[in-house]
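As stored in structure.txt (compact mmCIF, C-alpha atoms (C1' of nucleotides)):
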```txt
# COMPACT_ATOMS: atom_id res chain seq x y z
CA MET A 1 -140.99 -128.22 -195.48
CA GLY A 2 -143.03 -130.19 -192.97
CA ARG A 3 -143.71 -126.93 -191.21
CA ASN A 4 -144.85 -125.24 -194.38
CA LYS A 5 -147.12 -128.08 -195.21
CA GLU A 6 -148.76 -127.95 -191.80
CA LEU A 7 -149.10 -124.22 -192.14
CA ASN A 8 -150.78 -124.65 -195.47
CA GLU A 9 -153.10 -127.21 -193.99
CA LEU A 10 -153.96 -124.76 -191.27
CA MET A 11 -154.57 -121.99 -193.74
CA LYS A 12 -156.73 -124.30 -195.74
CA ASP A 13 -158.79 -125.18 -192.69
CA GLU A 14 -158.96 -121.51 -191.81
CA ARG A 15 -160.41 -120.66 -195.20
CA LYS A 16 -162.84 -123.52 -195.09
CA GLN A 17 -164.04 -122.34 -191.71
CA GLN A 18 -164.61 -118.85 -193.06
CA ILE A 19 -166.64 -120.30 -195.88
CA PHE A 20 -168.63 -122.53 -193.56
CA SER A 21 -169.33 -119.63 -191.28
CA SER A 22 -170.57 -117.33 -194.03
CA ALA A 23 -172.50 -120.10 -195.73
CA LEU A 24 -174.20 -121.12 -192.50
CA LYS A 25 -175.39 -117.58 -191.93
CA LEU A 26 -176.66 -117.16 -195.47
CA PHE A 27 -178.18 -120.59 -195.98
CA ALA A 28 -180.00 -120.38 -192.66
CA THR A 29 -181.42 -116.91 -193.18
CA ARG A 30 -181.92 -116.83 -196.94
CA GLY A 31 -182.09 -120.47 -197.97
CA LEU A 32 -179.95 -122.52 -200.32
CA ALA A 33 -181.42 -121.34 -203.61
CA SER A 34 -181.35 -117.63 -202.76
CA THR A 35 -177.77 -117.69 -201.62
CA LYS A 36 -175.23 -117.09 -204.35
CA ILE A 37 -171.68 -118.34 -204.23
CA ALA A 38 -170.71 -114.73 -204.78
CA ASP A 39 -172.60 -113.78 -201.59
CA ILE A 40 -170.70 -116.33 -199.58
CA ALA A 41 -167.37 -115.23 -201.02
CA GLN A 42 -168.15 -111.59 -200.44
CA ASP A 43 -169.21 -112.21 -196.86
CA ALA A 44 -166.04 -114.18 -196.26
CA GLY A 45 -164.00 -111.45 -197.90
CA PHE A 46 -162.51 -112.92 -201.03
CA SER A 47 -163.27 -113.66 -204.66
CA GLN A 48 -165.98 -116.05 -205.74
CA GLY A 49 -163.65 -118.16 -207.85
CA LEU A 50 -161.71 -119.10 -204.74
CA VAL A 51 -164.66 -120.88 -203.19
CA TYR A 52 -164.20 -123.58 -205.80
CA HIS A 53 -160.69 -124.20 -204.63
CA TYR A 54 -162.12 -125.47 -201.35
CA PHE A 55 -165.47 -126.93 -202.35
CA LYS A 56 -166.64 -128.56 -205.49
CA SER A 57 -170.07 -126.94 -205.59
CA LYS A 58 -172.63 -124.93 -203.67
CA ASP A 59 -174.52 -128.11 -202.85
CA ASP A 60 -171.34 -129.58 -201.47
CA ILE A 61 -171.04 -126.78 -198.93
CA PHE A 62 -174.67 -127.16 -197.98
CA ILE A 63 -174.42 -130.92 -197.53
CA GLN A 64 -171.39 -130.61 -195.31
CA LEU A 65 -173.12 -127.97 -193.21
CA ILE A 66 -176.15 -130.19 -192.75
CA LYS A 67 -173.87 -133.01 -191.73
CA MET A 68 -172.16 -130.79 -189.16
CA ALA A 69 -175.43 -129.45 -187.83
CA PHE A 70 -176.81 -132.89 -187.09
CA THR A 71 -173.50 -134.10 -185.71
CA GLN A 72 -173.59 -131.27 -183.20
CA LEU A 73 -177.21 -131.67 -182.25
CA ASN A 74 -177.05 -135.42 -181.95
CA SER A 75 -173.88 -135.49 -179.95
CA ALA A 76 -175.41 -132.95 -177.56
CA ALA A 77 -178.44 -135.21 -177.28
CA LYS A 78 -176.25 -138.23 -176.61
CA GLN A 79 -174.39 -136.35 -173.89
CA LEU A 80 -177.62 -135.22 -172.32
CA GLU A 81 -178.87 -138.76 -172.05
CA HIS A 82 -175.84 -139.81 -170.06
CA PHE A 83 -175.84 -136.94 -167.60
CA ASP A 84 -176.31 -138.07 -164.04
CA LEU A 85 -179.39 -136.02 -163.29
CA PRO A 86 -183.07 -136.53 -162.47
CA HIS A 87 -185.00 -137.03 -165.70
CA LEU A 88 -187.06 -133.88 -165.52
CA GLN A 89 -183.87 -131.96 -164.85
CA LYS A 90 -182.48 -133.23 -168.13
CA LEU A 91 -185.37 -131.66 -169.99
CA LYS A 92 -184.76 -128.48 -168.08
CA ILE A 93 -181.05 -128.45 -168.90
CA ALA A 94 -181.74 -129.21 -172.55
CA TYR A 95 -184.15 -126.31 -172.83
CA GLU A 96 -181.93 -123.91 -170.95
CA SER A 97 -178.80 -124.71 -172.87
CA MET A 98 -180.53 -124.47 -176.23
CA MET A 99 -182.11 -121.17 -175.25
CA ASP A 100 -178.72 -119.94 -174.09
CA GLY A 101 -177.42 -120.89 -177.53
CA LEU A 102 -180.22 -119.00 -179.26
CA VAL A 103 -179.52 -115.85 -177.29
CA HIS A 104 -175.75 -115.83 -176.93
CA HIS A 105 -174.24 -117.97 -179.63
CA GLU A 106 -174.98 -116.86 -183.14
CA ASP A 107 -173.73 -120.06 -184.70
CA ALA A 108 -175.85 -122.22 -182.45
CA ALA A 109 -178.91 -120.15 -183.31
CA LEU A 110 -178.14 -120.41 -187.01
CA THR A 111 -177.60 -124.14 -186.73
CA HIS A 112 -181.02 -124.63 -185.17
CA LEU A 113 -182.56 -122.46 -187.84
CA LEU A 114 -180.83 -124.36 -190.61
CA ILE A 115 -182.14 -127.63 -189.25
CA ALA A 116 -185.66 -126.32 -188.83
CA THR A 117 -186.00 -124.83 -192.28
CA SER A 118 -183.97 -127.35 -194.28
CA SER A 119 -185.78 -130.32 -192.81
CA ALA A 120 -189.05 -128.88 -194.02
CA SER A 121 -187.80 -128.14 -197.51
CA GLU A 122 -188.27 -130.33 -200.54
CA SER A 123 -185.69 -128.44 -202.56
CA ILE A 124 -182.46 -129.60 -201.02
CA PRO A 125 -179.84 -131.91 -202.55
CA ASP A 126 -180.64 -135.61 -202.36
CA GLU A 127 -177.62 -136.28 -200.21
CA ALA A 128 -178.76 -133.68 -197.69
CA ARG A 129 -182.20 -135.26 -197.61
CA LEU A 130 -180.61 -138.64 -196.92
CA ILE A 131 -178.66 -137.30 -193.97
CA ILE A 132 -181.72 -135.62 -192.55
CA ASP A 133 -183.84 -138.73 -192.93
CA GLU A 134 -181.19 -140.79 -191.17
CA GLN A 135 -180.52 -138.42 -188.32
CA TYR A 136 -183.68 -136.45 -187.77
CA PHE A 137 -185.31 -138.71 -185.24
CA PHE A 138 -182.38 -139.35 -183.01
CA PRO A 139 -183.02 -136.32 -180.75
CA TYR A 140 -186.71 -137.23 -180.63
CA GLU A 141 -185.83 -140.71 -179.44
CA VAL A 142 -183.47 -139.40 -176.80
CA ILE A 143 -186.09 -137.06 -175.38
CA ARG A 144 -188.66 -139.78 -175.54
CA ARG A 145 -186.46 -142.18 -173.57
CA ILE A 146 -185.82 -139.52 -170.95
CA ILE A 147 -189.54 -138.90 -170.70
CA GLU A 148 -190.31 -142.57 -170.29
CA ALA A 149 -187.72 -142.89 -167.56
CA GLY A 150 -189.28 -139.90 -165.83
CA GLN A 151 -192.70 -141.48 -166.12
CA THR A 152 -191.42 -144.63 -164.45
CA ASP A 153 -190.24 -142.72 -161.41
CA GLY A 154 -193.30 -140.47 -161.43
CA SER A 155 -191.59 -137.16 -162.09
CA ILE A 156 -193.04 -136.75 -165.59
CA VAL A 157 -196.72 -136.87 -166.58
CA SER A 158 -198.15 -140.13 -167.85
CA LYS A 159 -199.08 -138.89 -171.29
CA ASN A 160 -198.09 -140.50 -174.55
CA SER A 161 -194.32 -140.14 -174.67
CA ARG A 162 -194.21 -139.76 -178.42
CA ASP A 163 -196.62 -136.81 -178.17
CA LEU A 164 -194.53 -135.23 -175.48
CA ALA A 165 -191.27 -135.60 -177.40
CA LEU A 166 -192.94 -134.09 -180.46
CA LEU A 167 -194.16 -131.15 -178.37
CA PHE A 168 -190.69 -130.73 -176.94
CA TRP A 169 -188.98 -130.40 -180.29
CA SER A 170 -191.77 -128.49 -181.99
CA THR A 171 -191.56 -125.84 -179.33
CA ILE A 172 -187.77 -125.63 -179.62
CA ARG A 173 -187.97 -125.38 -183.41
CA GLY A 174 -190.68 -122.76 -183.25
CA LEU A 175 -188.65 -120.68 -180.85
CA SER A 176 -185.58 -121.00 -183.09
CA ILE A 177 -187.54 -119.64 -186.01
CA TYR A 178 -189.02 -116.83 -184.01
CA ARG A 179 -185.62 -115.88 -182.70
CA ALA A 180 -184.20 -115.70 -186.22
CA THR A 181 -186.31 -112.70 -187.16
CA HIS A 182 -186.71 -111.10 -183.76
CA HIS A 183 -183.38 -111.50 -182.01
CA ASP A 184 -183.45 -107.89 -180.92
CA THR A 185 -186.60 -108.40 -178.87
CA PHE A 186 -186.38 -112.12 -178.19
CA VAL A 187 -186.78 -113.01 -174.54
CA VAL A 188 -186.53 -116.64 -173.53
CA PRO A 189 -189.79 -117.92 -172.05
CA GLU A 190 -189.38 -119.02 -168.43
CA VAL A 191 -188.29 -122.60 -168.24
CA GLU A 192 -191.07 -123.44 -165.79
CA SER A 193 -193.71 -122.50 -168.34
CA PHE A 194 -192.13 -124.81 -170.86
CA LEU A 195 -191.64 -127.60 -168.32
CA ALA A 196 -195.32 -127.50 -167.36
CA MET A 197 -195.99 -129.76 -170.35
CA PHE A 198 -193.85 -132.48 -168.79
CA ARG A 199 -193.93 -132.10 -165.02
CA ASN A 200 -196.18 -134.49 -163.15
CA LYS A 201 -198.46 -132.60 -160.78
CA GLU A 202 -200.46 -134.94 -158.68
CA MET B 203 -222.63 -109.35 -223.40
CA GLY B 204 -222.96 -108.70 -219.71
CA ARG B 205 -223.29 -112.42 -219.21
CA ASN B 206 -220.15 -113.14 -221.22
CA LYS B 207 -218.23 -110.63 -219.27
CA GLU B 208 -219.25 -112.20 -216.00
CA LEU B 209 -218.38 -115.61 -217.35
CA ASN B 210 -214.99 -114.38 -218.35
CA GLU B 211 -214.51 -112.91 -214.92
CA LEU B 212 -215.43 -116.25 -213.40
CA MET B 213 -213.05 -118.09 -215.69
CA LYS B 214 -210.37 -115.64 -214.84
CA ASP B 215 -210.93 -116.21 -211.14
CA GLU B 216 -210.92 -119.94 -211.73
CA ARG B 217 -207.51 -119.77 -213.39
CA LYS B 218 -206.17 -117.51 -210.72
CA GLN B 219 -207.32 -119.94 -208.09
CA GLN B 220 -205.54 -122.78 -209.84
CA ILE B 221 -202.37 -120.75 -209.93
CA PHE B 222 -202.70 -119.76 -206.28
CA SER B 223 -203.28 -123.32 -205.29
CA SER B 224 -200.26 -124.69 -207.14
CA ALA B 225 -198.07 -121.80 -206.06
CA LEU B 226 -199.04 -122.21 -202.41
CA LYS B 227 -198.06 -125.83 -202.49
CA LEU B 228 -194.75 -125.19 -204.20
CA PHE B 229 -193.74 -122.03 -202.35
CA ALA B 230 -194.53 -123.62 -199.00
CA THR B 231 -192.66 -126.85 -199.63
CA ARG B 232 -189.80 -125.69 -201.86
CA GLY B 233 -189.52 -121.99 -201.20
CA LEU B 234 -189.86 -118.97 -203.44
CA ALA B 235 -186.45 -119.12 -205.12
CA SER B 236 -186.55 -122.84 -205.89
CA THR B 237 -189.98 -122.68 -207.43
CA LYS B 238 -189.99 -121.95 -211.15
CA ILE B 239 -192.88 -120.36 -212.92
CA ALA B 240 -192.77 -123.40 -215.19
CA ASP B 241 -193.31 -125.64 -212.14
CA ILE B 242 -196.39 -123.71 -211.14
CA ALA B 243 -197.79 -123.79 -214.66
CA GLN B 244 -197.10 -127.48 -215.03
CA ASP B 245 -198.72 -128.28 -211.71
CA ALA B 246 -201.76 -126.23 -212.68
CA GLY B 247 -201.82 -127.93 -216.05
CA PHE B 248 -201.11 -125.26 -218.63
CA SER B 249 -198.26 -123.42 -220.31
CA GLN B 250 -195.87 -121.18 -218.46
CA GLY B 251 -196.49 -118.19 -220.65
CA LEU B 252 -200.09 -118.12 -219.51
CA VAL B 253 -199.16 -117.40 -215.93
CA TYR B 254 -198.15 -113.93 -217.06
CA HIS B 255 -201.61 -113.30 -218.33
CA TYR B 256 -202.86 -113.43 -214.76
CA PHE B 257 -199.91 -112.18 -212.73
CA LYS B 258 -197.21 -109.76 -213.52
CA SER B 259 -194.37 -111.69 -211.90
CA LYS B 260 -193.46 -114.57 -209.64
CA ASP B 261 -193.00 -112.15 -206.75
CA ASP B 262 -196.47 -110.84 -207.40
CA ILE B 263 -197.98 -114.28 -206.85
CA PHE B 264 -195.94 -114.74 -203.71
CA ILE B 265 -196.92 -111.39 -202.27
CA GLN B 266 -200.59 -112.03 -202.85
CA LEU B 267 -200.32 -115.44 -201.23
CA ILE B 268 -198.65 -113.97 -198.17
CA LYS B 269 -201.42 -111.39 -198.00
CA MET B 270 -204.07 -114.10 -198.17
CA ALA B 271 -202.31 -116.26 -195.60
CA PHE B 272 -202.25 -113.51 -193.02
CA THR B 273 -205.77 -112.42 -193.81
CA GLN B 274 -206.97 -115.93 -193.05
CA LEU B 275 -204.94 -116.38 -189.91
CA ASN B 276 -205.78 -112.99 -188.52
CA SER B 277 -209.46 -113.19 -189.21
CA ALA B 278 -209.52 -116.58 -187.50
CA ALA B 279 -207.77 -115.00 -184.54
CA LYS B 280 -210.25 -112.16 -184.47
CA GLN B 281 -213.16 -114.58 -184.52
CA LEU B 282 -211.63 -116.60 -181.74
CA GLU B 283 -211.34 -113.61 -179.51
CA HIS B 284 -215.05 -112.91 -179.79
CA PHE B 285 -216.27 -116.42 -179.13
CA ASP B 286 -218.40 -116.68 -176.04
CA LEU B 287 -216.32 -119.28 -174.24
CA PRO B 288 -214.18 -119.60 -171.11
CA HIS B 289 -210.72 -118.26 -171.84
CA LEU B 290 -208.85 -121.53 -171.48
CA GLN B 291 -211.42 -123.10 -173.79
CA LYS B 292 -210.48 -120.61 -176.44
CA LEU B 293 -206.90 -121.79 -176.36
CA LYS B 294 -208.16 -125.33 -176.58
CA ILE B 295 -210.38 -124.57 -179.57
CA ALA B 296 -207.60 -122.69 -181.30
CA TYR B 297 -205.23 -125.60 -180.92
CA GLU B 298 -207.77 -128.19 -181.95
CA SER B 299 -208.95 -126.35 -185.00
CA MET B 300 -205.43 -125.63 -186.22
CA MET B 301 -204.46 -129.25 -185.67
CA ASP B 302 -207.56 -130.33 -187.53
CA GLY B 303 -206.41 -128.08 -190.36
CA LEU B 304 -202.94 -129.61 -190.34
CA VAL B 305 -204.31 -133.12 -190.58
CA HIS B 306 -207.35 -132.75 -192.82
CA HIS B 307 -207.01 -129.61 -194.87
CA GLU B 308 -204.02 -129.53 -197.12
CA ASP B 309 -204.35 -125.83 -197.88
CA ALA B 310 -204.54 -124.91 -194.22
CA ALA B 311 -201.42 -126.94 -193.52
CA LEU B 312 -199.61 -125.31 -196.42
CA THR B 313 -200.69 -121.87 -195.28
CA HIS B 314 -199.24 -122.43 -191.82
CA LEU B 315 -196.06 -123.72 -193.37
CA LEU B 316 -195.79 -120.76 -195.70
CA ILE B 317 -196.14 -118.37 -192.80
CA ALA B 318 -193.62 -120.22 -190.66
CA THR B 319 -190.91 -120.44 -193.30
CA SER B 320 -191.46 -117.14 -195.08
CA SER B 321 -191.48 -115.14 -191.88
CA ALA B 322 -188.05 -116.50 -191.06
CA SER B 323 -186.61 -115.80 -194.48
CA GLU B 324 -184.55 -112.79 -195.44
CA SER B 325 -184.90 -113.46 -199.14
CA ILE B 326 -188.47 -112.49 -199.81
CA PRO B 327 -189.75 -109.46 -201.75
CA ASP B 328 -189.79 -106.19 -199.81
CA GLU B 329 -193.52 -105.92 -200.10
CA ALA B 330 -193.97 -109.36 -198.57
CA ARG B 331 -191.68 -108.39 -195.72
CA LEU B 332 -193.76 -105.28 -195.12
CA ILE B 333 -196.96 -107.28 -194.88
CA ILE B 334 -195.37 -109.76 -192.51
CA ASP B 335 -193.99 -107.02 -190.30
CA GLU B 336 -197.38 -105.36 -190.13
CA GLN B 337 -199.42 -108.47 -189.47
CA TYR B 338 -197.17 -110.92 -187.73
CA PHE B 339 -197.91 -109.93 -184.18
CA PHE B 340 -201.65 -109.72 -184.35
CA PRO B 341 -202.24 -113.40 -183.49
CA TYR B 342 -199.70 -113.10 -180.68
CA GLU B 343 -201.60 -110.19 -179.24
CA VAL B 344 -204.92 -111.98 -179.46
CA ILE B 345 -203.57 -115.02 -177.63
CA ARG B 346 -201.92 -112.79 -175.10
CA ARG B 347 -205.17 -110.96 -174.38
CA ILE B 348 -207.00 -114.24 -173.97
CA ILE B 349 -204.30 -115.42 -171.57
CA GLU B 350 -204.50 -112.26 -169.52
CA ALA B 351 -208.26 -112.55 -169.28
CA GLY B 352 -207.83 -116.14 -168.12
CA GLN B 353 -205.31 -115.05 -165.54
CA THR B 354 -207.77 -112.54 -164.15
CA ASP B 355 -210.38 -115.20 -163.56
CA GLY B 356 -207.80 -117.71 -162.34
CA SER B 357 -208.18 -120.31 -165.08
CA ILE B 358 -204.76 -119.66 -166.62
CA VAL B 359 -201.39 -119.70 -164.82
CA SER B 360 -199.93 -116.46 -163.62
CA LYS B 361 -196.83 -116.51 -165.73
CA ASN B 362 -195.66 -113.76 -168.02
CA SER B 363 -198.34 -113.54 -170.70
CA ARG B 364 -195.91 -112.57 -173.43
CA ASP B 365 -193.88 -115.71 -172.70
CA LEU B 366 -196.97 -117.83 -172.83
CA ALA B 367 -198.19 -116.39 -176.11
CA LEU B 368 -194.75 -116.94 -177.59
CA LEU B 369 -194.80 -120.56 -176.42
CA PHE B 370 -198.26 -120.97 -177.86
CA TRP B 371 -197.30 -119.87 -181.36
CA SER B 372 -193.85 -121.42 -181.34
CA THR B 373 -195.39 -124.78 -180.62
CA ILE B 374 -197.97 -124.37 -183.36
CA ARG B 375 -195.33 -123.30 -185.87
CA GLY B 376 -193.05 -126.15 -184.88
CA LEU B 377 -195.86 -128.64 -185.33
CA SER B 378 -196.72 -127.15 -188.72
CA ILE B 379 -193.16 -127.66 -189.88
CA TYR B 380 -192.99 -131.17 -188.54
CA ARG B 381 -196.25 -132.05 -190.22
CA ALA B 382 -194.97 -130.78 -193.56
CA THR B 383 -192.37 -133.50 -193.88
CA HIS B 384 -194.08 -136.24 -191.89
CA HIS B 385 -197.76 -136.02 -192.74
CA ASP B 386 -197.91 -139.77 -193.22
CA THR B 387 -196.99 -140.45 -189.60
CA PHE B 388 -198.12 -137.19 -188.00
CA VAL B 389 -200.33 -137.70 -184.99
CA VAL B 390 -201.67 -134.64 -183.21
CA PRO B 391 -200.39 -134.43 -179.63
CA GLU B 392 -203.19 -134.62 -177.09
CA VAL B 393 -204.63 -131.21 -176.41
CA GLU B 394 -204.28 -131.66 -172.66
CA SER B 395 -200.52 -132.01 -172.98
CA PHE B 396 -200.36 -128.77 -174.90
CA LEU B 397 -202.77 -127.00 -172.54
CA ALA B 398 -200.65 -127.92 -169.53
CA MET B 399 -198.50 -124.88 -170.31
CA PHE B 400 -201.49 -122.62 -169.72
CA ARG B 401 -203.83 -124.29 -167.25
CA ASN B 402 -203.72 -123.03 -163.71
CA LYS B 403 -203.27 -125.91 -161.29
CA GLU B 404 -203.40 -124.70 -157.75
C1' DG C 405 -207.07 -116.77 -223.59
C1' DT C 406 -203.64 -119.80 -224.69
C1' DC C 407 -199.59 -121.43 -226.76
C1' DT C 408 -194.68 -121.44 -228.71
C1' DA C 409 -190.59 -119.16 -229.44
C1' DT C 410 -187.19 -116.19 -227.92
C1' DA C 411 -184.71 -112.12 -225.82
C1' DT C 412 -182.36 -111.21 -221.78
C1' DC C 413 -180.25 -111.78 -217.72
C1' DC C 414 -178.02 -114.00 -214.02
C1' DA C 415 -175.63 -117.48 -211.40
C1' DG C 416 -172.80 -121.75 -211.17
C1' DA C 417 -168.82 -123.47 -212.53
C1' DT C 418 -164.30 -123.51 -215.20
C1' DA C 419 -159.90 -121.77 -217.32
C1' DG C 420 -155.95 -119.74 -216.97
C1' DA C 421 -152.85 -115.78 -215.64
C1' DC C 422 -150.17 -114.37 -211.76
C1' DG D 423 -153.68 -119.90 -203.41
C1' DT D 424 -155.97 -116.25 -205.34
C1' DC D 425 -157.92 -113.46 -208.83
C1' DT D 426 -160.28 -112.08 -213.31
C1' DA D 427 -162.52 -113.39 -217.30
C1' DT D 428 -165.58 -116.31 -219.48
C1' DC D 429 -168.39 -120.33 -220.82
C1' DT D 430 -172.68 -122.33 -220.22
C1' DG D 431 -177.22 -123.42 -218.78
C1' DG D 432 -181.37 -122.24 -217.05
C1' DA D 433 -185.23 -119.22 -215.59
C1' DT D 434 -187.94 -114.85 -215.95
C1' DA D 435 -190.41 -112.31 -218.71
C1' DT D 436 -191.96 -110.75 -223.38
C1' DA D 437 -193.57 -111.06 -228.27
C1' DG D 438 -196.45 -112.54 -231.33
C1' DA D 439 -199.15 -116.22 -233.75
C1' DC D 440 -203.52 -118.50 -233.39
```

As a first step, turn the structure in this file into structure tokens.
Amino acid sequence: MGRNKELNELMKDERKQQIFSSALKLFATRGLASTKIADIAQDAGFSQGLVYHYFKSKDDIFIQLIKMAFTQLNSAAKQLEHFDLPHLQKLKIAYESMMDGLVHHEDAALTHLLIATSSASESIPDEARLIIDEQYFFPYEVIRRIIEAGQTDGSIVSKNSRDLALLFWSTIRGLSIYRATHHDTFVVPEVESFLAMFRNKE
Amino acid sequence: MGRNKELNELMKDERKQQIFSSALKLFATRGLASTKIADIAQDAGFSQGLVYHYFKSKDDIFIQLIKMAFTQLNSAAKQLEHFDLPHLQKLKIAYESMMDGLVHHEDAALTHLLIATSSASESIPDEARLIIDEQYFFPYEVIRRIIEAGQTDGSIVSKNSRDLALLFWSTIRGLSIYRATHHDTFVVPEVESFLAMFRNKE
DNA sequence: GTCTATATCCAGATAGAC
DNA sequence: GTCTATCTGGATATAGAC
């Protein structure tokens, strides 16, 4: 009985994961409005009615995905900040690991894409907008703090740190979008070219 | 008679412009699927039935807007290439004029946003996808040629020119997206910070 | 040219059998 | 838990009056 219950719980999680996985792919590449519940169900391999056994609505799935996306990104940012590394190296690691995600981990690439496109959209559920507004700037602040630390020790250029953090994330977001439509030919730009915006050369 | 006809033509163009203007705003910020014909008509200030007097479908409006967006961007790129300026200066001018557009010209900002989000979307009309596929790389090639010329004369770093062009446009696209949701607080990053990716410091 | 009314279709969500 | 059938609402596009 206890065993069966646990098994059911597992199955339930399994199903939810399938739905999340299909929904992430479709929402990121086609958008919320163009993705039908039937598309998600079909991609996951079962009937569309079943989706409603696990989620109460399409918006509900979307909101939870947004929540997960920011949780992932922001916990990665938090980790990064506490690494014991020279400040410029942190920027390097951040770039390299995100680029590795874009190239080798489909879900990571889709998560970046979802964040980039959903943040810019005015047609998402209110609750999703709330989450974005609350969490959007955390990675900017982390990068900004790293930059300011690097400026103190002279390893990073003495430009406006807000500007530099904005350039950092704009470039990452732009690359995520490019990668979405051109994964077949996408080649990660050399990290040194990217880092040139931040490295202090004097 | 001839005069009336011309007047009608002008009125017709006027109406079409209103529709284009409203549709650009809505498609760029909310996406094709989430934008209703009724929204466009309401924004333009007339009934929804009238839209069909000027366009045959919602997709039709979208396709024409995509066409116009790329025409603008690509003719600007073409112009840039033929300016009589040092190569690095061309990159500077390109950045500055696009940033000026983002800050001061709503339509320019919306056009950049439309390109950034539509290019990444898999749920656009086939004809729009065709246009994008045909025209997308032209600005990349222009920037790449400018970079290679700058590398020849030593003003631009000797990194892979394809990488650099990709970084150029990714950053611009990322900034366009950021600006869309944060125009109130958007401050253009100093051009020198951006140019650091390209400038040859030896 | 412009509006109102409506036919038609499609997608989200629910009901209920198994 | 899973499926099929269906209710319902909303959006595109058309018809037709003015």

Excluding Gln220 in chain B and any residue of its chain fewer than 2 positions from it, enumerate the residues within 10 Å of it, using all atoms listed in the file, and give them as a CSV table (one decimal) with C-alpha atoms, in the coordinates of the input.
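What landed in part.csv:
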```csv
chain,number,residue,atom,x,y,z
B,214,LYS,CA,-210.4,-115.6,-214.8
B,215,ASP,CA,-210.9,-116.2,-211.1
B,216,GLU,CA,-210.9,-119.9,-211.7
B,217,ARG,CA,-207.5,-119.8,-213.4
B,218,LYS,CA,-206.2,-117.5,-210.7
B,222,PHE,CA,-202.7,-119.8,-206.3
B,223,SER,CA,-203.3,-123.3,-205.3
B,224,SER,CA,-200.3,-124.7,-207.1
B,225,ALA,CA,-198.1,-121.8,-206.1
B,226,LEU,CA,-199.0,-122.2,-202.4
B,242,ILE,CA,-196.4,-123.7,-211.1
B,243,ALA,CA,-197.8,-123.8,-214.7
B,245,ASP,CA,-198.7,-128.3,-211.7
B,246,ALA,CA,-201.8,-126.2,-212.7
B,247,GLY,CA,-201.8,-127.9,-216.0
```

For chain D, work out the contacting residues on chain A at 8 Å, counting all atoms listed in the file, and write them as number ranges by chain.
A: 47, 49-50

Please find the residues of chain A near chain B - the criterion being any atom within 7 Å, counting only C-alpha atoms - and write them as a ChimeraX atom specification.
/A:29-30,33-34,117,120-123,163,167,170-171,173-175,177,180-181,189,193-194,196-197

Report the closest atom pair, with its distance in Å rounded to one decimal, for each residue of chain A that has an atom no farther than 8 Å from chain C; count only C-alpha atoms (C1' of nucleotides), sort by chain and then rising residue number, and write it as a tab-separated table.
```
residue	atom	partner	partner_atom	distance
A:Lys36	CA	C:DA415	C1'	7.1
A:Ile37	CA	C:DG416	C1'	7.8
A:Ser57	CA	C:DA417	C1'	7.9
```

Just C-alpha atoms for this one: save the residues we selected as a tab-separated table (two decimals), keeping the file's coordinate frame.
```
chain	number	residue	atom	x	y	z
A	36	LYS	CA	-175.23	-117.09	-204.35
A	37	ILE	CA	-171.68	-118.34	-204.23
A	57	SER	CA	-170.07	-126.94	-205.59
```

So which residues touch Ser97 in chain A within 12 Å, counting only C-alpha atoms (C1' of nucleotides), skipping near sequence neighbours fewer than 5 positions away, as a PDB file with C-alpha atoms, in the coordinates of the input?
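Output saved as around.pdb:
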```pdb
ATOM      1  CA  LEU A  73    -177.210-131.670-182.250  1.00  0.00           C
ATOM      2  CA  ALA A  76    -175.410-132.950-177.560  1.00  0.00           C
ATOM      3  CA  ALA A  77    -178.440-135.210-177.280  1.00  0.00           C
ATOM      4  CA  LEU A  80    -177.620-135.220-172.320  1.00  0.00           C
ATOM      5  CA  GLN A  89    -183.870-131.960-164.850  1.00  0.00           C
ATOM      6  CA  LYS A  90    -182.480-133.230-168.130  1.00  0.00           C
ATOM      7  CA  LEU A  91    -185.370-131.660-169.990  1.00  0.00           C
ATOM      8  CA  LYS A  92    -184.760-128.480-168.080  1.00  0.00           C
ATOM      9  CA  LEU A 102    -180.220-119.000-179.260  1.00  0.00           C
ATOM     10  CA  VAL A 103    -179.520-115.850-177.290  1.00  0.00           C
ATOM     11  CA  HIS A 104    -175.750-115.830-176.930  1.00  0.00           C
ATOM     12  CA  HIS A 105    -174.240-117.970-179.630  1.00  0.00           C
ATOM     13  CA  ALA A 108    -175.850-122.220-182.450  1.00  0.00           C
ATOM     14  CA  ALA A 109    -178.910-120.150-183.310  1.00  0.00           C
ATOM     15  CA  ILE A 172    -187.770-125.630-179.620  1.00  0.00           C
ATOM     16  CA  VAL A 188    -186.530-116.640-173.530  1.00  0.00           C
ATOM     17  CA  VAL A 191    -188.290-122.600-168.240  1.00  0.00           C
TER      18      VAL A 191
END
```

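The closest residue to Ala296 in chain B, picked from B:Asn402, B:Gln250, B:Ser357, B:Gln281 and counting only C-alpha atoms, is B:Gln281.
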
At what distance in Å, to one decimal, does CA of Ile63 in chain A lie from CA of Ile143 in chain A?
25.8 Å

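Distance-wise, CA of Gly150 in chain A and CA of His87 in chain A end up 5.2 Å apart.
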